[in-house]
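What follows is a set of notes on a single structure, which appears directly below.
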Amino acid sequence: MSTIVRQRVHSGPRGIRGFLAATVTATLIATLAGCAIQGQPESAGAGQDLPEVVVTTNILGDVVSQVLGDAAHVTTLMRPNADPHSFEISASEAALLDRAALVVSNGFGLEEGLQQHLDRVRQAGTPMFVAGDHIESIPYTSTDSGAGGTDSGAGGSGSGDPDPHFWTDPGRMVDVVEALTTTLTDASAVAGINTADRTAIATRGEAYAGQLRELDSEMAERFSAIPSERRALITNHHVFGYLADRYDFRVLGTAIPGGTTLAAPSAADLRELVDAITSANVPAIFAESSAPDRLMRVLAEEAGIDVQVIELFTESLSLPGAGAETYVEMLTTNTARIADGLDPDALQLPTDRSAQ
Amino acid sequence: MNLLRPLAASCGLILTLSIVACTPPGAQPPNADDLNSSSAAESKPGHGAVAGASEESEAQLQLLTVDTTGRVGLLDLLDSSEREIAHITAPAHLSSDGRYGFAAHAAGVEIVDSGVWTWDHGDHSHYYRSEPELLGSVAGEGIATVIGGPLSTAGGTGVFFPTSGDAVLLDNTALAHGSVEELFRVRVSPHSGLIAPFADGAVVSETDANGHPSTLRYISADGSASDHTAACDHPHSALHTRAGLVVICTGGAVVGTTASDGTPEFDFVASPVQGAVLPTMSGRKGRPVLAGPSPDTGITLFDSRARTWDSIQSEFRFIAAGAVDDAESHVVAVDTTGRVHVFRDGRAIAVTTPLLTATDLTASTHRGEFEVASIALSLDANRAYLASPERATVTEIDFADNARISREFQPKIAPAVFAETGR
């Protein structure tokens with residue numbers, strides 16, 4: 001089974017209808033409405049008097065918490081390692097949305113399963129902060145390989161929809177942090193935050209934006225050490241468009257053979273991947289694979305190509321200790337893995353890819 | 001056509017269709033707010049958003065096999081490991097939506113959750129794995145026709161019992177939580193028919209005054225009949241594609257979609273061969289193009305997105321076919337001697353030696369008044385799987401590589417019937 005790769009992803013509520021029959025959309029929504037899973041444990045003893053800020057994704061949850069500190073109670077709907085497109089909320093979380101002082105979402109259709117709730121609270125007048133409203137977006141660039149599940153038919157294109165994965169570029173996250181800080185320090189925008197807390201938020205927001213700017217220059221420095229002809233991400237991840245835009249990478253989406261096909265591979269299974277690796281001349285690819293060792297071995301045996309298979313954090317923070325507990329750690333880990341993978345000669349230390 | 005019109009549409013009652021039982025509209029599955037399910041998920045680090053399931057980096061493909069004594073086995077296509085997961089009444093027929101196995105026998109359908117599924121996101125997919133289990137059964141009369149929906153965790157699954165005429169819509173959300181629950185059960189005149197999940201409810205076949213299946217009617221989620229109908233002479237197979245629900249009728253296909261306000265819309269696309277009895281058509285899960293054996297020789301194709309019919313000319317006569325619908329338009333078909341043929345962009349590119357025995361080729365199942373060949377051919381993006389019940393083997397065919405036999409499995413639980421899951 002090949003994993004399909006396209007850079008164009010997450011079409012969002014409007015775009016998704018182009019991909020799925022309306023019936024499918026209806027059932028997607030029905031899933032959300034009909035069954036709720038994983039009630040968020042309300043953080044014990046969090047001051048009942050504090051305003052509630054509800055954030056959809058855990059990446060934004062971390063960013064919002066960094067800025068807010070203890071000035072509000074932050075609830076993140078998406079847990080570590082969850083998928084922003086398919087997570088579901090419980091009735092109690094839906095109720096929490098209704099009494100939130102502010103609801104923070106990613107936008108650009110990322111939270112497709114939650115959209116009906118977001119629309120509902122917006123209509124009810126709850127203050128909303130949509131991160132995507134505060135960045136300069138880039139469109140998807142479609143690389144529909146058509147080989148394994150992509151839908152190349154009419155309605156399957158839709159290039160031009162904004163790419164929601166702006167977090168792969170810390171520069172754009174700085175824009176979000178600045179706008180968020182402005183919103184949180186505006187007494188008329190978010191109720192329940194006192195003057196002293198607003199001052200603290202302004203300070204923290206500025207400091208955090210500074211930290212991200214520093215990370216941005218560190219990343220630029222790491223990546224600039226990679227020879228430009230090797231600055232290519234061959235991947236089945238579909239989230240690195242903004243990273244590529246900022247640091248001058250090429251993203252080469254491709255079909256990456258999976259476990260079943262690797263058990264008895266054929267030239268046909270490997271052709272597209274081998275072509276991509278050969279033409280980009282890279283020493284590493286960035287793939288989700290349950291059997292990366294087998295993929296490396298098959299590539300070496302069947303195609304005479306020696307590459308590393310490296311996994312990156314893409315759409316969610318990890319559990320503590322796994323390399324992406326915070327947004328900053330996620331970017332740091334990914335940067336090290338990409339830079340070490342594409343420029344192994346520059347490595348100073350033996351490879352420990354799980355370390356940041 | 002010739003359907004009996006509802007006497008009182010507002011009551012949702014019509015002559016040929018009466019409501020036997022239904023659950024209240026919008027009934028919540030019992031586990032909707034069960035926080036125990038969340039703690040189960042949270043107790044396993046790294047698990048995704050589906051309670052009790054882990055999100056995997058690739059499709060967790062398995063072969064679900066059931067032997068003649070009803071033992072149910074799972075063979076993992078990623079590492080070739082095998083396990084026995086349940087024991088059920090020996091089925092006459094097994095169908096699957098890519099996750100559940102629906103094993104039909106004379107008095108009902110037993111449902112096995114293979115524990116592996118793909119969540120189709122339209123432009124990419126998510127893959128999940130949980131523990132396989134026997135979920136329970138649906139009682140009925142006759143060998144049921146079972147038609148799954150696009151997603152295993154939402155919407156419904158249609159189970160039609162030809163002897164009693166019971167049309168049951170199962171709740172997929174409840175199935176995903178481990179219980180068998182009926183969204184509704186309606187009764188129509190007994191016939192060889194079908195119920196296919198559609199929009200929030202389902203379409204059900206109905207007979208005319210002469211007892212001939214002639215019409216599809218939309219039944220909403222609460223079991224009430226609607227005025228939305230489509231003429232379909234002898235509907236005999238149906239499946240979901242991204243372009244909508246496709247029901248194959250004699251002389252053409254009905255494509256069902258919903259308008260932006262949720263109104264069902266049916267479009268009949270006549271086959272170029274008027275009056276031809278079209279075969280059962282199949283394709284890769286979710287893909288718009290379907291293929292089936294032509295009545296004489298060659299292959300018939302239906303593109304449910306373009307709503308066009310096409311054919312592949314061949315000197316061979318086929319008994320099963322399916323469209324991969326990939327970039328090279330691969331079509332895989334089994335001929336009357338058990339050989340597997342592969343077509344690329346409409347041209348024959350390869351053929352295997354016979355993979356089925358004479359006994360395999362003559363085996364069939366009675367469904368209503370129809371006899372259906374028991375050949376099960378399963379397709380995914382890279383491989384085709386074909387079982388020989390007599391030899392107790394499942395052959396894995398790499399269709400893109402000149403129909404190379406990439407692996408041959410001899411499952412410990414012999415595949416009297418089989419399905420590929422994780423798709």
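Residues in the structure tokens are numbered from 1 in each chain, the chains being A, B, ... in the order shown, and ligands are numbered from 1 in the order shown.
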Contacts of range 393-410 of chain B at 9 Å (only C-alpha atoms; same-chain gap of 5+ positions) as a PyMOL selection string | (chain A and resi 261+263-269) or (chain B and resi 63+75+80+328+330-332+340-344+349-352+355+382-388+415+418)
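Here CA of Tyr140 in chain A is placed at a distance of 16.8 Å from CA of Tyr247 in chain A.
Excluding Thr183 in chain A itself and same-chain residues fewer than 5 positions from it, the residues having an atom within 10 Å of it are Leu102, Pro127, Met128, Phe129, Val177, Glu178, Ser188, Ala189 and Val190 of chain A, counting only C-alpha atoms.
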N, CA and C atoms of the current selection, written as a CSV table (one decimal), in the first residue's frame:
chain,number,residue,atom,x,y,z
A,102,LEU,N,-13.0,33.5,25.2
A,102,LEU,CA,-12.4,33.6,23.8
A,102,LEU,C,-12.2,32.2,23.3
A,127,PRO,N,-16.4,35.9,21.5
A,127,PRO,CA,-15.3,36.4,20.8
A,127,PRO,C,-14.4,35.2,20.2
A,128,MET,N,-14.0,35.4,19.0
A,128,MET,CA,-13.3,34.4,18.3
A,128,MET,C,-11.9,35.0,17.9
A,129,PHE,N,-10.9,34.1,17.9
A,129,PHE,CA,-9.6,34.5,17.4
A,129,PHE,C,-9.2,33.4,16.4
A,177,VAL,N,1.2,35.5,17.2
A,177,VAL,CA,1.4,35.8,18.6
A,177,VAL,C,1.2,37.3,18.8
A,178,GLU,N,1.6,38.1,17.9
A,178,GLU,CA,1.4,39.6,18.0
A,178,GLU,C,0.0,39.9,18.0
A,188,SER,N,-11.9,45.4,25.7
A,188,SER,CA,-13.2,45.3,25.1
A,188,SER,C,-13.4,44.0,24.2
A,189,ALA,N,-12.2,43.3,24.0
A,189,ALA,CA,-12.3,42.1,23.2
A,189,ALA,C,-12.5,40.8,24.0
A,190,VAL,N,-11.8,40.8,25.1
A,190,VAL,CA,-11.9,39.6,26.0
A,190,VAL,C,-12.3,40.0,27.4
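Distance annotation: of B:Ala243, B:His236, B:Asp67, B:Ala86, the residue with the minimal separation from chain A is B:Ala243; atom set is only C-alpha atoms.
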Write out as a PyMOL selection string the residues lying within 8 Å of Val239 in chain A, counting only C-alpha atoms and excluding same-chain residues fewer than 3 positions away.
-> chain A and resi 7+165+168+242+314-315
Write to file, as a JSON list (two decimals), in the first residue's frame, the residues of the selection just made, with all heavy atoms.
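Output saved as out-v5.json:
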[["chain", "number", "residue", "atom", "x", "y", "z"],
["A", 7, "GLN", "N", 0.73, 17.72, -1.68],
["A", 7, "GLN", "CA", 0.92, 18.85, -0.80],
["A", 7, "GLN", "C", -0.40, 19.53, -0.52],
["A", 7, "GLN", "O", -0.57, 20.20, 0.46],
["A", 7, "GLN", "CB", 1.86, 19.86, -1.44],
["A", 7, "GLN", "CG", 3.23, 19.26, -1.60],
["A", 7, "GLN", "CD", 4.13, 20.21, -2.32],
["A", 7, "GLN", "OE1", 3.97, 21.41, -2.24],
["A", 7, "GLN", "NE2", 5.08, 19.68, -3.03],
["A", 165, "HIS", "N", -1.43, 24.93, 7.24],
["A", 165, "HIS", "CA", -0.35, 24.47, 8.12],
["A", 165, "HIS", "C", 0.73, 25.53, 8.32],
["A", 165, "HIS", "O", 1.92, 25.25, 8.16],
["A", 165, "HIS", "CB", 0.28, 23.20, 7.53],
["A", 165, "HIS", "CG", -0.72, 22.15, 7.18],
["A", 165, "HIS", "ND1", -1.17, 21.94, 5.91],
["A", 165, "HIS", "CD2", -1.38, 21.27, 7.97],
["A", 165, "HIS", "CE1", -2.07, 20.95, 5.91],
["A", 165, "HIS", "NE2", -2.21, 20.54, 7.15],
["A", 168, "THR", "N", 4.43, 25.51, 10.50],
["A", 168, "THR", "CA", 5.76, 25.04, 10.15],
["A", 168, "THR", "C", 6.71, 26.22, 9.90],
["A", 168, "THR", "O", 7.90, 26.02, 9.74],
["A", 168, "THR", "CB", 5.74, 24.09, 8.92],
["A", 168, "THR", "OG1", 5.17, 24.77, 7.81],
["A", 168, "THR", "CG2", 4.92, 22.84, 9.22],
["A", 242, "TYR", "N", 4.72, 25.94, 4.20],
["A", 242, "TYR", "CA", 5.18, 27.23, 4.75],
["A", 242, "TYR", "C", 6.65, 27.17, 5.12],
["A", 242, "TYR", "O", 7.38, 28.14, 4.93],
["A", 242, "TYR", "CB", 4.33, 27.61, 5.97],
["A", 242, "TYR", "CG", 2.94, 28.05, 5.62],
["A", 242, "TYR", "CD1", 1.88, 27.15, 5.63],
["A", 242, "TYR", "CD2", 2.68, 29.38, 5.26],
["A", 242, "TYR", "CE1", 0.60, 27.55, 5.30],
["A", 242, "TYR", "CE2", 1.40, 29.79, 4.93],
["A", 242, "TYR", "CZ", 0.36, 28.88, 4.95],
["A", 242, "TYR", "OH", -0.90, 29.28, 4.62],
["A", 314, "THR", "N", 4.30, 16.61, 12.67],
["A", 314, "THR", "CA", 3.61, 17.35, 11.62],
["A", 314, "THR", "C", 2.42, 18.17, 12.09],
["A", 314, "THR", "O", 2.41, 19.38, 11.94],
["A", 314, "THR", "CB", 3.13, 16.37, 10.53],
["A", 314, "THR", "OG1", 2.34, 15.36, 11.14],
["A", 314, "THR", "CG2", 4.32, 15.75, 9.83],
["A", 315, "GLU", "N", 1.44, 17.52, 12.67],
["A", 315, "GLU", "CA", 0.19, 18.23, 12.93],
["A", 315, "GLU", "C", -0.18, 18.32, 14.39],
["A", 315, "GLU", "O", -1.22, 18.85, 14.73],
["A", 315, "GLU", "CB", -0.96, 17.55, 12.19],
["A", 315, "GLU", "CG", -0.80, 17.64, 10.69],
["A", 315, "GLU", "CD", -1.99, 17.03, 9.97],
["A", 315, "GLU", "OE1", -2.08, 15.81, 9.92],
["A", 315, "GLU", "OE2", -2.80, 17.81, 9.47]]
So which residues touch range 293-300 of chain B within 8 Å, counting only C-alpha atoms, skipping near sequence neighbours fewer than 3 positions away, as a list in words?
-> Ala276, Val277, Leu278, Pro279, Thr280, Met281, Trp309, Asp310, Ser311, Ile312, Gln313, Ser314, Glu315, Phe316, Arg317, Phe318, Ile319, Ala320, Ala321 and Ala333 of chain B
Residue subset to file, keeping N, CA, C and O atoms, as a PDB file, in the first residue's frame:
ATOM      1  N   ALA B 276     -29.670  -4.238 -21.223  1.00  0.00           N
ATOM      2  CA  ALA B 276     -28.698  -5.245 -20.807  1.00  0.00           C
ATOM      3  C   ALA B 276     -28.770  -5.463 -19.307  1.00  0.00           C
ATOM      4  O   ALA B 276     -28.936  -4.526 -18.540  1.00  0.00           O
ATOM      5  N   VAL B 277     -28.680  -6.707 -18.908  1.00  0.00           N
ATOM      6  CA  VAL B 277     -28.602  -7.005 -17.484  1.00  0.00           C
ATOM      7  C   VAL B 277     -27.158  -6.755 -17.061  1.00  0.00           C
ATOM      8  O   VAL B 277     -26.252  -7.483 -17.460  1.00  0.00           O
ATOM      9  N   LEU B 278     -26.974  -5.687 -16.317  1.00  0.00           N
ATOM     10  CA  LEU B 278     -25.609  -5.333 -15.951  1.00  0.00           C
ATOM     11  C   LEU B 278     -25.130  -6.217 -14.817  1.00  0.00           C
ATOM     12  O   LEU B 278     -25.920  -6.652 -13.979  1.00  0.00           O
ATOM     13  N   PRO B 279     -23.840  -6.464 -14.781  1.00  0.00           N
ATOM     14  CA  PRO B 279     -23.300  -7.343 -13.755  1.00  0.00           C
ATOM     15  C   PRO B 279     -23.116  -6.590 -12.441  1.00  0.00           C
ATOM     16  O   PRO B 279     -23.309  -5.383 -12.381  1.00  0.00           O
ATOM     17  N   THR B 280     -22.744  -7.320 -11.449  1.00  0.00           N
ATOM     18  CA  THR B 280     -22.277  -6.680 -10.228  1.00  0.00           C
ATOM     19  C   THR B 280     -20.997  -5.941 -10.564  1.00  0.00           C
ATOM     20  O   THR B 280     -20.110  -6.491 -11.214  1.00  0.00           O
ATOM     21  N   MET B 281     -20.939  -4.679 -10.163  1.00  0.00           N
ATOM     22  CA  MET B 281     -19.748  -3.898 -10.490  1.00  0.00           C
ATOM     23  C   MET B 281     -19.009  -3.552  -9.210  1.00  0.00           C
ATOM     24  O   MET B 281     -19.612  -3.384  -8.157  1.00  0.00           O
ATOM     25  N   TRP B 309     -20.523   5.645 -19.310  1.00  0.00           N
ATOM     26  CA  TRP B 309     -20.236   4.221 -19.434  1.00  0.00           C
ATOM     27  C   TRP B 309     -19.120   4.035 -20.444  1.00  0.00           C
ATOM     28  O   TRP B 309     -18.969   4.818 -21.380  1.00  0.00           O
ATOM     29  N   ASP B 310     -18.359   2.988 -20.234  1.00  0.00           N
ATOM     30  CA  ASP B 310     -17.294   2.679 -21.178  1.00  0.00           C
ATOM     31  C   ASP B 310     -17.127   1.158 -21.172  1.00  0.00           C
ATOM     32  O   ASP B 310     -17.745   0.463 -20.361  1.00  0.00           O
ATOM     33  N   SER B 311     -16.308   0.668 -22.062  1.00  0.00           N
ATOM     34  CA  SER B 311     -16.082  -0.777 -22.046  1.00  0.00           C
ATOM     35  C   SER B 311     -14.667  -1.082 -22.487  1.00  0.00           C
ATOM     36  O   SER B 311     -13.996  -0.262 -23.132  1.00  0.00           O
ATOM     37  N   ILE B 312     -14.199  -2.238 -22.091  1.00  0.00           N
ATOM     38  CA  ILE B 312     -12.914  -2.743 -22.544  1.00  0.00           C
ATOM     39  C   ILE B 312     -13.205  -3.985 -23.378  1.00  0.00           C
ATOM     40  O   ILE B 312     -13.875  -4.914 -22.901  1.00  0.00           O
ATOM     41  N   GLN B 313     -12.755  -3.965 -24.618  1.00  0.00           N
ATOM     42  CA  GLN B 313     -12.996  -5.109 -25.493  1.00  0.00           C
ATOM     43  C   GLN B 313     -11.993  -6.205 -25.168  1.00  0.00           C
ATOM     44  O   GLN B 313     -10.822  -5.938 -24.909  1.00  0.00           O
ATOM     45  N   SER B 314     -12.479  -7.428 -25.159  1.00  0.00           N
ATOM     46  CA  SER B 314     -11.596  -8.560 -24.915  1.00  0.00           C
ATOM     47  C   SER B 314     -12.264  -9.791 -25.480  1.00  0.00           C
ATOM     48  O   SER B 314     -13.494  -9.865 -25.555  1.00  0.00           O
ATOM     49  N   GLU B 315     -11.464 -10.762 -25.880  1.00  0.00           N
ATOM     50  CA  GLU B 315     -12.060 -12.006 -26.380  1.00  0.00           C
ATOM     51  C   GLU B 315     -12.523 -12.898 -25.238  1.00  0.00           C
ATOM     52  O   GLU B 315     -13.196 -13.889 -25.451  1.00  0.00           O
ATOM     53  N   PHE B 316     -12.140 -12.530 -24.003  1.00  0.00           N
ATOM     54  CA  PHE B 316     -12.444 -13.394 -22.861  1.00  0.00           C
ATOM     55  C   PHE B 316     -13.754 -13.010 -22.199  1.00  0.00           C
ATOM     56  O   PHE B 316     -14.183 -11.867 -22.238  1.00  0.00           O
ATOM     57  N   ARG B 317     -14.320 -14.028 -21.563  1.00  0.00           N
ATOM     58  CA  ARG B 317     -15.542 -13.818 -20.801  1.00  0.00           C
ATOM     59  C   ARG B 317     -15.148 -13.799 -19.315  1.00  0.00           C
ATOM     60  O   ARG B 317     -14.399 -14.664 -18.857  1.00  0.00           O
ATOM     61  N   PHE B 318     -15.651 -12.828 -18.584  1.00  0.00           N
ATOM     62  CA  PHE B 318     -15.223 -12.641 -17.195  1.00  0.00           C
ATOM     63  C   PHE B 318     -16.346 -12.916 -16.210  1.00  0.00           C
ATOM     64  O   PHE B 318     -17.535 -12.745 -16.524  1.00  0.00           O
ATOM     65  N   ILE B 319     -15.956 -13.341 -15.016  1.00  0.00           N
ATOM     66  CA  ILE B 319     -16.950 -13.593 -13.972  1.00  0.00           C
ATOM     67  C   ILE B 319     -16.823 -12.619 -12.793  1.00  0.00           C
ATOM     68  O   ILE B 319     -17.700 -12.554 -11.940  1.00  0.00           O
ATOM     69  N   ALA B 320     -15.743 -11.869 -12.763  1.00  0.00           N
ATOM     70  CA  ALA B 320     -15.601 -10.831 -11.737  1.00  0.00           C
ATOM     71  C   ALA B 320     -14.618  -9.797 -12.267  1.00  0.00           C
ATOM     72  O   ALA B 320     -13.713 -10.132 -13.034  1.00  0.00           O
ATOM     73  N   ALA B 321     -14.821  -8.560 -11.869  1.00  0.00           N
ATOM     74  CA  ALA B 321     -13.906  -7.499 -12.294  1.00  0.00           C
ATOM     75  C   ALA B 321     -13.995  -6.343 -11.320  1.00  0.00           C
ATOM     76  O   ALA B 321     -14.999  -6.169 -10.635  1.00  0.00           O
ATOM     77  N   ALA B 333      -9.502  -8.374 -13.607  1.00  0.00           N
ATOM     78  CA  ALA B 333     -10.680  -9.206 -13.871  1.00  0.00           C
ATOM     79  C   ALA B 333     -10.315 -10.686 -13.816  1.00  0.00           C
ATOM     80  O   ALA B 333      -9.167 -11.066 -14.084  1.00  0.00           O
TER      81      ALA B 333
END
Extract, using only C-alpha atoms, all DNA, RNA and protein residues at most 12 Å from Arg83 in chain B, discarding same-chain residues fewer than 5 positions from it, and format them as a PyMOL selection string.
-> chain B and resi 62-66+71-76+114+131-133+411-413
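Of the listed residues B:Glu181, B:Asp97, B:Asp325, B:Asp113, the one whose atoms come nearest to chain A is B:Asp325, with distances taken using only C-alpha atoms.
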Test item, alpha helix (DSSP H) assignment across range 257-407 of chain B, answer as a PDB file with C-alpha atoms, in the first residue's frame:
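Dumped everything to part.pdb:
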ATOM      1  CA  ALA B 358     -13.220 -25.936 -11.308  1.00  0.00           C
ATOM      2  CA  THR B 359     -15.065 -26.244  -7.995  1.00  0.00           C
ATOM      3  CA  ASP B 360     -14.256 -22.649  -7.086  1.00  0.00           C
ATOM      4  CA  LEU B 361     -15.575 -21.516 -10.447  1.00  0.00           C
ATOM      5  CA  THR B 362     -18.920 -23.269 -10.137  1.00  0.00           C
TER       6      THR B 362
END
List every residue of range 61-99 of chain B that DSSP, applied to the backbone, labels as strand (DSSP E or B), and write the result as a count of residues only.
-> 21
